>>> print(open('query08.cif').read())   # mmCIF, C-alpha atoms and all ligand atoms
data_final
loop_
_atom_site.label_atom_id
_atom_site.label_comp_id
_atom_site.auth_asym_id
_atom_site.auth_seq_id
_atom_site.Cartn_x
_atom_site.Cartn_y
_atom_site.Cartn_z
CA MET A 930 -314.75 -35.49 -88.58
CA THR A 931 -311.19 -35.42 -89.85
CA LYS A 932 -310.04 -38.97 -90.38
CA LYS A 933 -306.39 -38.45 -89.54
CA LEU A 934 -306.22 -37.12 -86.01
CA ILE A 935 -302.96 -35.25 -86.37
CA ALA A 936 -301.30 -33.37 -83.55
CA LYS A 937 -300.06 -30.41 -85.59
CA PRO A 938 -302.99 -27.94 -85.48
CA LEU A 939 -303.68 -28.75 -81.89
CA ILE A 940 -300.13 -28.34 -80.59
CA LYS A 941 -299.72 -25.15 -82.60
CA GLN A 942 -302.56 -23.70 -80.57
CA ILE A 943 -301.23 -25.03 -77.25
CA TYR A 944 -297.72 -23.64 -77.85
CA ALA A 945 -299.08 -20.28 -79.00
CA ASP A 946 -301.25 -19.99 -75.87
CA LEU A 947 -298.38 -21.02 -73.59
CA LYS A 948 -296.03 -18.49 -75.16
CA THR A 949 -298.53 -15.66 -74.93
CA GLU A 950 -299.34 -16.33 -71.29
CA ILE A 951 -295.68 -16.66 -70.29
CA ILE A 952 -294.51 -13.55 -72.14
CA ASP A 953 -297.49 -11.35 -71.27
CA ASN A 954 -297.09 -12.07 -67.56
CA GLY A 955 -293.30 -12.11 -67.43
CA PHE A 956 -293.32 -15.66 -66.04
CA ALA A 957 -290.08 -17.68 -65.82
CA PRO A 958 -291.07 -21.35 -65.47
CA LYS A 959 -288.32 -23.91 -65.11
CA LEU A 960 -288.34 -27.69 -65.43
CA VAL A 961 -285.50 -29.89 -64.20
CA ILE A 962 -285.20 -33.40 -65.60
CA ILE A 963 -283.25 -35.92 -63.57
CA LEU A 964 -281.27 -38.25 -65.81
CA ILE A 965 -279.39 -41.20 -64.38
CA GLY A 966 -276.73 -42.71 -66.58
CA GLU A 967 -276.37 -42.15 -70.29
CA ASP A 968 -279.27 -43.22 -72.46
CA PRO A 969 -279.37 -41.94 -76.07
CA ALA A 970 -283.18 -42.32 -76.30
CA ALA A 971 -283.70 -40.33 -73.09
CA GLU A 972 -281.23 -37.68 -74.22
CA TYR A 973 -283.01 -37.32 -77.55
CA TYR A 974 -286.33 -36.91 -75.73
CA VAL A 975 -284.84 -34.31 -73.40
CA GLN A 976 -283.24 -32.36 -76.27
CA ASN A 977 -286.64 -32.13 -77.87
CA LEU A 978 -288.16 -30.85 -74.63
CA VAL A 979 -285.41 -28.25 -74.25
CA LYS A 980 -286.09 -27.01 -77.79
CA LYS A 981 -289.86 -26.90 -77.37
CA GLY A 982 -289.53 -25.24 -73.95
CA LYS A 983 -287.25 -22.55 -75.35
CA LYS A 984 -289.82 -21.65 -78.02
CA VAL A 985 -292.47 -20.86 -75.42
CA GLY A 986 -290.27 -19.42 -72.67
CA ILE A 987 -289.93 -22.46 -70.40
CA GLU A 988 -286.41 -23.27 -69.28
CA VAL A 989 -285.74 -26.99 -69.41
CA THR A 990 -282.50 -28.22 -67.85
CA THR A 991 -281.11 -31.61 -66.92
CA LYS A 992 -279.34 -32.95 -63.87
CA LEU A 993 -277.25 -35.89 -64.96
CA PHE A 994 -276.06 -38.40 -62.38
CA ASN A 995 -273.87 -41.47 -62.61
CA VAL A 996 -275.61 -44.85 -62.70
CA ASP A 997 -274.04 -45.67 -59.34
CA ILE A 998 -275.74 -42.79 -57.49
CA THR A 999 -277.13 -44.10 -54.19
CA GLN A 1000 -280.73 -43.86 -53.04
CA THR A 1001 -279.73 -41.42 -50.26
CA GLN A 1002 -277.77 -39.18 -52.62
CA LEU A 1003 -280.65 -39.04 -55.07
CA LEU A 1004 -283.17 -38.25 -52.33
CA THR A 1005 -280.91 -35.41 -51.15
CA GLU A 1006 -280.71 -34.03 -54.70
CA ILE A 1007 -284.50 -34.11 -54.97
CA GLU A 1008 -284.79 -32.29 -51.65
CA LYS A 1009 -282.57 -29.54 -53.06
CA LEU A 1010 -284.80 -29.21 -56.13
CA ASN A 1011 -287.90 -29.21 -53.93
CA SER A 1012 -286.58 -26.26 -51.93
CA ASP A 1013 -285.25 -24.31 -54.93
CA ALA A 1014 -287.78 -21.53 -55.52
CA ASN A 1015 -286.56 -21.14 -59.11
CA VAL A 1016 -287.45 -24.72 -60.01
CA HIS A 1017 -291.14 -25.33 -60.69
CA GLY A 1018 -291.22 -28.80 -62.22
CA VAL A 1019 -289.18 -31.88 -61.38
CA MET A 1020 -289.23 -34.90 -63.64
CA LEU A 1021 -287.53 -38.24 -63.26
CA GLN A 1022 -286.46 -39.95 -66.48
CA LYS A 1023 -287.17 -43.66 -66.34
CA PRO A 1024 -286.30 -46.50 -66.21
CA LEU A 1025 -284.12 -46.12 -63.13
CA PRO A 1026 -281.16 -48.40 -62.40
CA LYS A 1027 -282.30 -51.52 -60.54
CA HIS A 1028 -280.66 -50.63 -57.20
CA LEU A 1029 -282.87 -47.55 -56.79
CA ASP A 1030 -286.28 -47.67 -55.13
CA GLU A 1031 -288.46 -45.82 -57.63
CA SER A 1032 -291.54 -45.50 -55.46
CA GLU A 1033 -289.59 -43.86 -52.60
CA ILE A 1034 -287.98 -41.45 -55.07
CA VAL A 1035 -291.28 -40.49 -56.68
CA MET A 1036 -292.74 -39.95 -53.19
CA LYS A 1037 -289.92 -37.52 -52.42
CA ILE A 1038 -290.79 -35.11 -55.25
CA ASN A 1039 -292.87 -32.21 -53.98
CA PRO A 1040 -296.39 -33.01 -55.32
CA GLN A 1041 -296.67 -29.35 -56.36
CA LYS A 1042 -293.63 -29.82 -58.63
CA ASP A 1043 -294.63 -33.30 -59.81
CA VAL A 1044 -295.43 -32.30 -63.40
CA ASP A 1045 -295.48 -35.98 -64.44
CA GLY A 1046 -298.38 -36.61 -62.06
CA PHE A 1047 -296.81 -39.79 -60.69
CA HIS A 1048 -296.75 -38.86 -56.98
CA PRO A 1049 -299.40 -40.87 -55.07
CA LEU A 1050 -301.07 -37.61 -54.02
CA ASN A 1051 -301.58 -36.63 -57.65
CA VAL A 1052 -302.65 -40.17 -58.56
CA GLY A 1053 -305.24 -40.02 -55.76
CA ASN A 1054 -306.43 -36.61 -56.88
CA LEU A 1055 -306.86 -37.92 -60.41
CA VAL A 1056 -308.93 -40.89 -59.27
CA LEU A 1057 -311.05 -38.70 -56.99
CA ASP A 1058 -311.51 -36.10 -59.73
CA ARG A 1059 -309.77 -33.43 -57.68
CA GLU A 1060 -307.32 -30.74 -58.76
CA GLY A 1061 -303.77 -32.02 -59.36
CA PHE A 1062 -301.29 -32.94 -62.06
CA ILE A 1063 -302.53 -35.34 -64.72
CA PRO A 1064 -299.88 -37.49 -66.47
CA SER A 1065 -299.12 -35.97 -69.86
CA THR A 1066 -299.88 -38.95 -72.11
CA PRO A 1067 -303.47 -39.68 -71.01
CA ASN A 1068 -303.96 -35.92 -70.79
CA ALA A 1069 -302.80 -35.68 -74.42
CA VAL A 1070 -305.37 -38.29 -75.44
CA LEU A 1071 -308.12 -36.23 -73.79
CA GLU A 1072 -306.87 -33.11 -75.55
CA ILE A 1073 -307.07 -34.90 -78.92
CA LEU A 1074 -310.60 -36.13 -78.16
CA LYS A 1075 -311.63 -32.60 -77.18
CA TYR A 1076 -309.97 -30.88 -80.14
CA TYR A 1077 -311.50 -33.26 -82.69
CA GLU A 1078 -314.88 -33.11 -80.91
CA ILE A 1079 -315.02 -36.85 -80.28
CA GLU A 1080 -317.91 -37.66 -77.98
CA THR A 1081 -317.00 -40.03 -75.13
CA SER A 1082 -320.22 -39.91 -73.12
CA GLY A 1083 -321.92 -43.30 -73.10
CA LYS A 1084 -319.36 -44.70 -75.55
CA ASN A 1085 -317.82 -48.13 -75.27
CA ILE A 1086 -314.11 -47.41 -74.89
CA VAL A 1087 -311.50 -50.13 -74.71
CA VAL A 1088 -308.13 -49.17 -73.23
CA ILE A 1089 -305.44 -51.75 -74.00
CA GLY A 1090 -302.72 -51.52 -71.36
CA ARG A 1091 -302.88 -50.99 -67.60
CA SER A 1092 -299.59 -49.21 -66.85
CA ASP A 1093 -299.43 -46.60 -64.11
CA ILE A 1094 -298.43 -43.92 -66.61
CA VAL A 1095 -300.92 -44.55 -69.42
CA GLY A 1096 -303.58 -47.26 -69.10
CA LYS A 1097 -304.72 -46.77 -65.50
CA PRO A 1098 -304.91 -42.97 -65.48
CA MET A 1099 -306.51 -43.09 -68.95
CA ALA A 1100 -309.30 -45.36 -67.76
CA ASN A 1101 -309.94 -43.21 -64.68
CA LEU A 1102 -310.05 -40.02 -66.72
CA LEU A 1103 -312.57 -41.51 -69.12
CA LEU A 1104 -314.82 -42.36 -66.17
CA ARG A 1105 -314.95 -38.76 -64.96
CA LYS A 1106 -318.28 -36.97 -65.10
CA ASN A 1107 -317.18 -34.34 -67.60
CA GLU A 1108 -316.97 -33.56 -71.31
CA THR A 1109 -314.16 -36.06 -72.02
CA GLY A 1110 -315.50 -38.67 -69.60
CA ASN A 1111 -318.75 -40.53 -68.90
CA ALA A 1112 -317.56 -43.46 -70.99
CA THR A 1113 -318.13 -47.15 -70.40
CA VAL A 1114 -314.53 -48.25 -70.01
CA THR A 1115 -312.97 -51.69 -70.40
CA VAL A 1116 -309.29 -52.08 -69.55
CA CYS A 1117 -307.41 -54.96 -71.18
CA HIS A 1118 -303.94 -56.35 -70.47
CA SER A 1119 -301.74 -59.33 -71.20
CA ARG A 1120 -303.98 -61.72 -69.24
CA THR A 1121 -307.20 -60.59 -70.93
CA GLN A 1122 -309.03 -63.41 -72.64
CA ASN A 1123 -310.87 -62.95 -75.92
CA LEU A 1124 -309.10 -59.66 -76.52
CA SER A 1125 -310.14 -59.51 -80.20
CA ALA A 1126 -313.82 -59.93 -79.29
CA ILE A 1127 -313.57 -57.15 -76.68
CA ILE A 1128 -311.82 -54.77 -79.07
CA LYS A 1129 -314.47 -55.52 -81.71
CA GLN A 1130 -317.14 -54.05 -79.40
CA ALA A 1131 -315.28 -50.78 -78.94
CA GLU A 1132 -316.44 -47.53 -80.46
CA ILE A 1133 -313.15 -46.01 -79.35
CA VAL A 1134 -309.93 -48.02 -78.94
CA ILE A 1135 -307.00 -46.58 -77.01
CA ALA A 1136 -303.92 -48.75 -77.51
CA ALA A 1137 -301.01 -48.44 -75.06
CA ILE A 1138 -299.28 -51.78 -75.31
CA GLY A 1139 -295.76 -51.27 -76.61
CA ASN A 1140 -296.05 -53.99 -79.24
CA PRO A 1141 -295.60 -52.83 -82.86
CA LEU A 1142 -298.73 -53.14 -85.01
CA PHE A 1143 -300.28 -55.55 -82.49
CA VAL A 1144 -303.88 -54.48 -83.15
CA LYS A 1145 -304.85 -55.70 -86.61
CA ALA A 1146 -307.44 -54.05 -88.83
CA ASP A 1147 -309.78 -57.04 -88.62
CA MET A 1148 -309.90 -56.76 -84.82
CA LEU A 1149 -311.54 -53.32 -85.06
CA LYS A 1150 -315.23 -52.51 -85.34
CA ASP A 1151 -316.20 -50.76 -88.58
CA GLY A 1152 -316.15 -47.01 -88.00
CA ALA A 1153 -314.23 -47.22 -84.72
CA ILE A 1154 -312.05 -44.34 -83.55
CA VAL A 1155 -308.48 -45.35 -82.78
CA ILE A 1156 -306.10 -43.50 -80.51
CA ASP A 1157 -302.68 -45.11 -80.81
CA VAL A 1158 -300.41 -44.31 -77.87
CA GLY A 1159 -297.75 -46.86 -78.82
CA VAL A 1160 -294.35 -45.75 -80.04
CA ASN A 1161 -292.25 -48.65 -81.27
CA GLN A 1162 -289.02 -48.64 -83.19
CA ILE A 1163 -288.88 -51.19 -86.00
CA GLU A 1164 -286.36 -51.98 -88.71
CA ASP A 1165 -286.74 -50.17 -92.00
CA ALA A 1166 -284.99 -51.28 -95.17
CA LYS A 1167 -284.40 -47.69 -96.37
CA LYS A 1168 -283.89 -45.64 -93.21
CA GLY A 1169 -282.52 -48.32 -90.88
CA TYR A 1170 -285.38 -47.85 -88.45
CA ARG A 1171 -288.73 -46.11 -88.15
CA TYR A 1172 -291.45 -45.64 -85.58
CA VAL A 1173 -294.84 -47.32 -85.65
CA GLY A 1174 -297.72 -47.52 -83.22
CA ASP A 1175 -299.48 -50.45 -81.59
CA VAL A 1176 -302.15 -50.48 -84.31
CA GLU A 1177 -301.81 -51.41 -87.99
CA TYR A 1178 -302.29 -47.89 -89.30
CA GLU A 1179 -302.41 -48.35 -93.09
CA ALA A 1180 -304.50 -51.50 -93.05
CA SER A 1181 -306.99 -49.97 -90.58
CA PHE A 1182 -307.33 -46.60 -92.28
CA ASP A 1183 -310.26 -47.47 -94.56
CA LYS A 1184 -312.08 -49.33 -91.83
CA VAL A 1185 -312.03 -46.77 -89.04
CA SER A 1186 -313.70 -43.39 -88.86
CA ALA A 1187 -310.62 -41.72 -87.38
CA ILE A 1188 -307.12 -42.66 -86.23
CA THR A 1189 -304.04 -40.97 -84.77
CA PRO A 1190 -300.83 -41.39 -86.78
CA VAL A 1191 -297.50 -42.48 -85.27
CA PRO A 1192 -295.44 -40.33 -85.27
CA GLY A 1193 -297.37 -37.05 -85.33
CA GLY A 1194 -300.17 -38.06 -82.98
CA VAL A 1195 -300.32 -38.65 -79.24
CA GLY A 1196 -296.54 -38.31 -78.68
CA SER A 1197 -296.36 -34.74 -79.98
CA VAL A 1198 -299.33 -33.68 -77.87
CA THR A 1199 -297.78 -35.35 -74.81
CA THR A 1200 -294.78 -33.01 -74.96
CA ALA A 1201 -297.08 -30.00 -75.17
CA MET A 1202 -299.15 -31.22 -72.20
CA LEU A 1203 -296.02 -31.68 -70.11
CA LEU A 1204 -294.95 -28.09 -70.77
CA LYS A 1205 -298.48 -27.00 -69.90
CA ASN A 1206 -298.05 -28.75 -66.56
CA VAL A 1207 -294.81 -26.84 -65.96
CA LEU A 1208 -296.67 -23.55 -66.41
CA LYS A 1209 -299.39 -24.82 -64.08
CA ALA A 1210 -296.72 -25.66 -61.45
CA TYR A 1211 -295.22 -22.19 -61.84
CA LYS A 1212 -298.58 -20.55 -61.22
CA LEU A 1213 -299.27 -22.82 -58.24
CA LEU A 1214 -295.91 -22.06 -56.65
CA HIS A 1215 -296.26 -18.33 -57.22
CA GLY A 1216 -299.79 -18.21 -55.89
N1 LIG B 1 -296.92 -41.23 -77.03
C1 LIG B 1 -296.40 -41.03 -75.83
O1 LIG B 1 -296.18 -39.92 -75.41
C2 LIG B 1 -296.13 -42.21 -74.97
C3 LIG B 1 -295.94 -42.08 -73.60
C4 LIG B 1 -295.78 -43.23 -72.84
C5 LIG B 1 -295.75 -44.46 -73.47
N2 LIG B 1 -295.88 -44.52 -74.81
C6 LIG B 1 -295.87 -45.79 -75.53
O2 LIG B 1 -297.07 -46.49 -75.19
C7 LIG B 1 -296.82 -47.87 -75.14
C8 LIG B 1 -297.19 -48.38 -73.77
O3 LIG B 1 -296.41 -47.74 -72.79
P1 LIG B 1 -296.49 -48.12 -71.25
O4 LIG B 1 -295.44 -47.36 -70.55
O5 LIG B 1 -297.89 -48.03 -70.80
O6 LIG B 1 -296.03 -49.67 -71.36
P2 LIG B 1 -295.99 -50.83 -70.26
O7 LIG B 1 -295.76 -50.26 -68.91
O8 LIG B 1 -295.05 -51.85 -70.79
O9 LIG B 1 -297.48 -51.42 -70.31
C9 LIG B 1 -297.93 -52.13 -71.41
C10 LIG B 1 -299.30 -52.66 -71.12
O10 LIG B 1 -299.72 -53.41 -72.24
C11 LIG B 1 -300.19 -54.67 -71.81
N3 LIG B 1 -299.91 -55.71 -72.79
C12 LIG B 1 -298.72 -56.18 -73.18
N4 LIG B 1 -298.86 -57.14 -74.10
C13 LIG B 1 -300.19 -57.31 -74.26
C14 LIG B 1 -300.98 -58.17 -75.04
N5 LIG B 1 -300.43 -59.07 -75.85
N6 LIG B 1 -302.31 -58.06 -74.98
C15 LIG B 1 -302.88 -57.15 -74.17
N7 LIG B 1 -302.19 -56.30 -73.39
C16 LIG B 1 -300.85 -56.38 -73.43
C17 LIG B 1 -299.42 -54.97 -70.53
O11 LIG B 1 -300.16 -55.92 -69.76
P3 LIG B 1 -299.65 -56.41 -68.32
O12 LIG B 1 -299.97 -55.29 -67.38
O13 LIG B 1 -300.46 -57.62 -68.06
O14 LIG B 1 -298.20 -56.68 -68.44
C18 LIG B 1 -299.35 -53.59 -69.90
O15 LIG B 1 -300.47 -53.31 -69.12
C19 LIG B 1 -295.34 -48.03 -75.50
O16 LIG B 1 -295.23 -48.23 -76.90
C20 LIG B 1 -294.74 -46.70 -75.16
O17 LIG B 1 -293.59 -46.39 -75.92
C21 LIG B 1 -296.07 -43.44 -75.56
#
>>> encode(input="query08.cif", output="structure tokens", more="lines below")
Ligand SMILES: NC(=O)c1ccc[n+]([C@@H]2O[C@H](COP(=O)([O-])OP(=O)(O)OC[C@H]3O[C@@H](n4cnc5c(N)ncnc54)[C@H](OP(=O)(O)O)[C@@H]3O)[C@@H](O)[C@H]2O)c1
Amino acid sequence: MTKKLIAKPLIKQIYADLKTEIIDNGFAPKLVIILIGEDPAAEYYVQNLVKKGKKVGIEVTTKLFNVDITQTQLLTEIEKLNSDANVHGVMLQKPLPKHLDESEIVMKINPQKDVDGFHPLNVGNLVLDREGFIPSTPNAVLEILKYYEIETSGKNIVVIGRSDIVGKPMANLLLRKNETGNATVTVCHSRTQNLSAIIKQAEIVIAAIGNPLFVKADMLKDGAIVIDVGVNQIEDAKKGYRYVGDVEYEASFDKVSAITPVPGGVGSVTTAMLLKNVLKAYKLLHG
């Protein structure tokens, strides 16, 4: 097995397949991202999506609203996107301003356009192993496991983090009775006791904490496989800042049998999986 589980070869294949399918069939998928207020990090993320979308023939546009948009106004805007036949995916950039009720807004998005997979209908479908949209980040982790032929069946997998967008869907996906499932899954969080001892038992560790370099090399089992979902900005003497994961990458490298780098790992595959969902939405909406 390759030790460094890099995204590059895998996303190259995904983007090539997407492009071919879209061009060969004359498809015109479109994703609209709802942005509320100005947020440089969100804008950077969106710019990247626009660029990647363009390469494969997916139009990615944004709808920018003022931070003082009301709940009713936003729900009306979502209704318009729901009924626009030229829009196939609708995505809400988070976090939302405090005065907005996120769960009502997510509920308003047509589940068939919910490419993030956050609508309760899609969450339910995921848990019940039924067809629907799978959130891009846990889906990216599965894609990495599949691409690098990492066996999950019967394996002790520890997921650190229980968020609605990563940890919970991740754990449910790993429990599925399929080629990237059948694992024995333990989910840890901030109230977990004896975290180090639990991680030490894991043949595969999936870290989604949001705490830079939190998982130390000595917490890992020898030969473990590490999938690092974390993306954390830290200070860097030369560049000002840089990104690191939730796991001590360098110190763990000799100890583990494989590990995803940050950047260049899960994050890059996540973008590709999101665009894949947009194509899926297009095909759903066009029968
Ligand atoms: N690569 C990508 O595409 C991608 C996508 C999404 C997120 N991310 C990154 O993944 C990380 C997690 O994101 P998220 O949205 O899931 O974050 P989140 O909503 O903040 O959830 C973090 C989870 O980690 C748990 N946690 C926090 N401190 C802990 C500790 N000391 N010990 C054990 N568990 C602890 C929290 O426990 P509690 O539930 O008890 O609070 C929570 O369940 C972030 O770095 C984020 O930037 C990357």
>>> residues_near_ligand(input="query08.cif", ligand="ligand LIG 1 (chain B)", cutoff="9 Å", atoms="only C-alpha atoms and all ligand atoms", output="ChimeraX atom specification")
/A:1065-1067,1069,1089-1097,1116-1122,1124,1136-1141,1143,1157-1162,1173-1175,1191-1192,1194-1200
>>> write_last_selection(input="query08.cif", atoms="C-alpha atoms", output="compact mmCIF listing (two decimals), in the frame of the given file")
# COMPACT_ATOMS: atom_id res chain seq x y z
CA SER A 1065 -299.12 -35.97 -69.86
CA THR A 1066 -299.88 -38.95 -72.11
CA PRO A 1067 -303.47 -39.68 -71.01
CA ALA A 1069 -302.80 -35.68 -74.42
CA ILE A 1089 -305.44 -51.75 -74.00
CA GLY A 1090 -302.72 -51.52 -71.36
CA ARG A 1091 -302.88 -50.99 -67.60
CA SER A 1092 -299.59 -49.21 -66.85
CA ASP A 1093 -299.43 -46.60 -64.11
CA ILE A 1094 -298.43 -43.92 -66.61
CA VAL A 1095 -300.92 -44.55 -69.42
CA GLY A 1096 -303.58 -47.26 -69.10
CA LYS A 1097 -304.72 -46.77 -65.50
CA VAL A 1116 -309.29 -52.08 -69.55
CA CYS A 1117 -307.41 -54.96 -71.18
CA HIS A 1118 -303.94 -56.35 -70.47
CA SER A 1119 -301.74 -59.33 -71.20
CA ARG A 1120 -303.98 -61.72 -69.24
CA THR A 1121 -307.20 -60.59 -70.93
CA GLN A 1122 -309.03 -63.41 -72.64
CA LEU A 1124 -309.10 -59.66 -76.52
CA ALA A 1136 -303.92 -48.75 -77.51
CA ALA A 1137 -301.01 -48.44 -75.06
CA ILE A 1138 -299.28 -51.78 -75.31
CA GLY A 1139 -295.76 -51.27 -76.61
CA ASN A 1140 -296.05 -53.99 -79.24
CA PRO A 1141 -295.60 -52.83 -82.86
CA PHE A 1143 -300.28 -55.55 -82.49
CA ASP A 1157 -302.68 -45.11 -80.81
CA VAL A 1158 -300.41 -44.31 -77.87
CA GLY A 1159 -297.75 -46.86 -78.82
CA VAL A 1160 -294.35 -45.75 -80.04
CA ASN A 1161 -292.25 -48.65 -81.27
CA GLN A 1162 -289.02 -48.64 -83.19
CA VAL A 1173 -294.84 -47.32 -85.65
CA GLY A 1174 -297.72 -47.52 -83.22
CA ASP A 1175 -299.48 -50.45 -81.59
CA VAL A 1191 -297.50 -42.48 -85.27
CA PRO A 1192 -295.44 -40.33 -85.27
CA GLY A 1194 -300.17 -38.06 -82.98
CA VAL A 1195 -300.32 -38.65 -79.24
CA GLY A 1196 -296.54 -38.31 -78.68
CA SER A 1197 -296.36 -34.74 -79.98
CA VAL A 1198 -299.33 -33.68 -77.87
CA THR A 1199 -297.78 -35.35 -74.81
CA THR A 1200 -294.78 -33.01 -74.96
>>> residues_around(input="query08.cif", residues="Glu1072 in chain A", least_positions_apart="3", cutoff="9 Å", atoms="only C-alpha atoms", output="VMD selection string")
chain A and resid 939 1067 to 1069 1075 to 1077 1109 1198 1202
>>> residues_around(input="query08.cif", residues="Lys1129 in chain A", least_positions_apart="4", cutoff="7 Å", atoms="all atoms listed in the file", output="CSV table (one decimal) with C-alpha atoms, in the frame of the given file")
chain,number,residue,atom,x,y,z
A,1125,SER,CA,-310.1,-59.5,-80.2
A,1148,MET,CA,-309.9,-56.8,-84.8
A,1149,LEU,CA,-311.5,-53.3,-85.1
A,1150,LYS,CA,-315.2,-52.5,-85.3
>>> residues_around(input="query08.cif", residues="Asp953 in chain A", least_positions_apart="5", cutoff="12 Å", atoms="all atoms listed in the file", output="PyMOL selection string")
chain A and resi 945-948+985-986
>>> write_last_selection(input="query08.cif", atoms="C-alpha atoms", output="PDB file, keeping the file's coordinate frame")
ATOM      1  CA  ALA A 945    -299.080 -20.280 -79.000  1.00  0.00           C
ATOM      2  CA  ASP A 946    -301.250 -19.990 -75.870  1.00  0.00           C
ATOM      3  CA  LEU A 947    -298.380 -21.020 -73.590  1.00  0.00           C
ATOM      4  CA  LYS A 948    -296.030 -18.490 -75.160  1.00  0.00           C
ATOM      5  CA  VAL A 985    -292.470 -20.860 -75.420  1.00  0.00           C
ATOM      6  CA  GLY A 986    -290.270 -19.420 -72.670  1.00  0.00           C
TER       7      GLY A 986
END
>>> atom_distance(input="query08.cif", atom1="CA of Val1056 in chain A", atom2="CA of Ala1201 in chain A")
22.6 Å
>>> residues_around(input="query08.cif", residues="Lys1184 in chain A", least_positions_apart="3", cutoff="10 Å", atoms="only C-alpha atoms", output="ChimeraX atom specification")
/A:1146-1147,1149-1154,1179-1181,1187
>>> atom_distance(input="query08.cif", atom1="CA of His1017 in chain A", atom2="CA of Asn995 in chain A")
23.7 Å
>>> residues_near_point(input="query08.cif", point="(-315.1, -48.3, -80.2)", cutoff="7 Å", atoms="all atoms listed in the file", output="PyMOL selection string")
chain A and resi 1085-1087+1130-1134+1150+1153-1154
>>> residues_around(input="query08.cif", residues="Ile1163 in chain A", least_positions_apart="4", cutoff="7 Å", atoms="only C-alpha atoms", output="PyMOL selection string")
chain A and resi 1170-1172
>>> closest_residue(input="query08.cif", among="A:Ala970, A:Val1185, A:Ala1100, A:Leu1003", to="Leu1029 in chain A", atoms="only C-alpha atoms")
A:Leu1003
>>> decode(input="query08.cif", residues="range 1139-1165 of chain A", atoms="C-alpha atoms", output="compact mmCIF listing (two decimals), in the first residue's frame")
# COMPACT_ATOMS: atom_id res chain seq x y z
CA GLY A 1139 -10.63 20.79 14.41
CA ASN A 1140 -7.71 20.90 16.82
CA PRO A 1141 -4.25 21.25 15.19
CA LEU A 1142 -1.99 18.21 15.67
CA PHE A 1143 -4.18 16.97 18.53
CA VAL A 1144 -3.54 13.27 17.88
CA LYS A 1145 0.06 12.51 18.80
CA ALA A 1146 2.16 9.76 17.26
CA ASP A 1147 2.36 7.85 20.54
CA MET A 1148 -1.45 7.64 20.73
CA LEU A 1149 -1.55 5.55 17.53
CA LYS A 1150 -1.26 1.79 17.19
CA ASP A 1151 1.79 0.63 15.23
CA GLY A 1152 0.78 0.17 11.60
CA ALA A 1153 -2.50 2.06 11.93
CA ILE A 1154 -4.06 3.80 8.94
CA VAL A 1155 -4.82 7.47 9.55
CA ILE A 1156 -7.35 9.55 7.68
CA ASP A 1157 -6.97 13.15 8.77
CA VAL A 1158 -10.04 15.26 8.03
CA GLY A 1159 -8.89 18.25 10.08
CA VAL A 1160 -7.90 21.49 8.38
CA ASN A 1161 -6.41 23.98 10.82
CA GLN A 1162 -4.59 27.20 10.15
CA ILE A 1163 -1.51 27.72 12.32
CA GLU A 1164 1.19 30.36 12.44
CA ASP A 1165 4.26 29.79 10.33
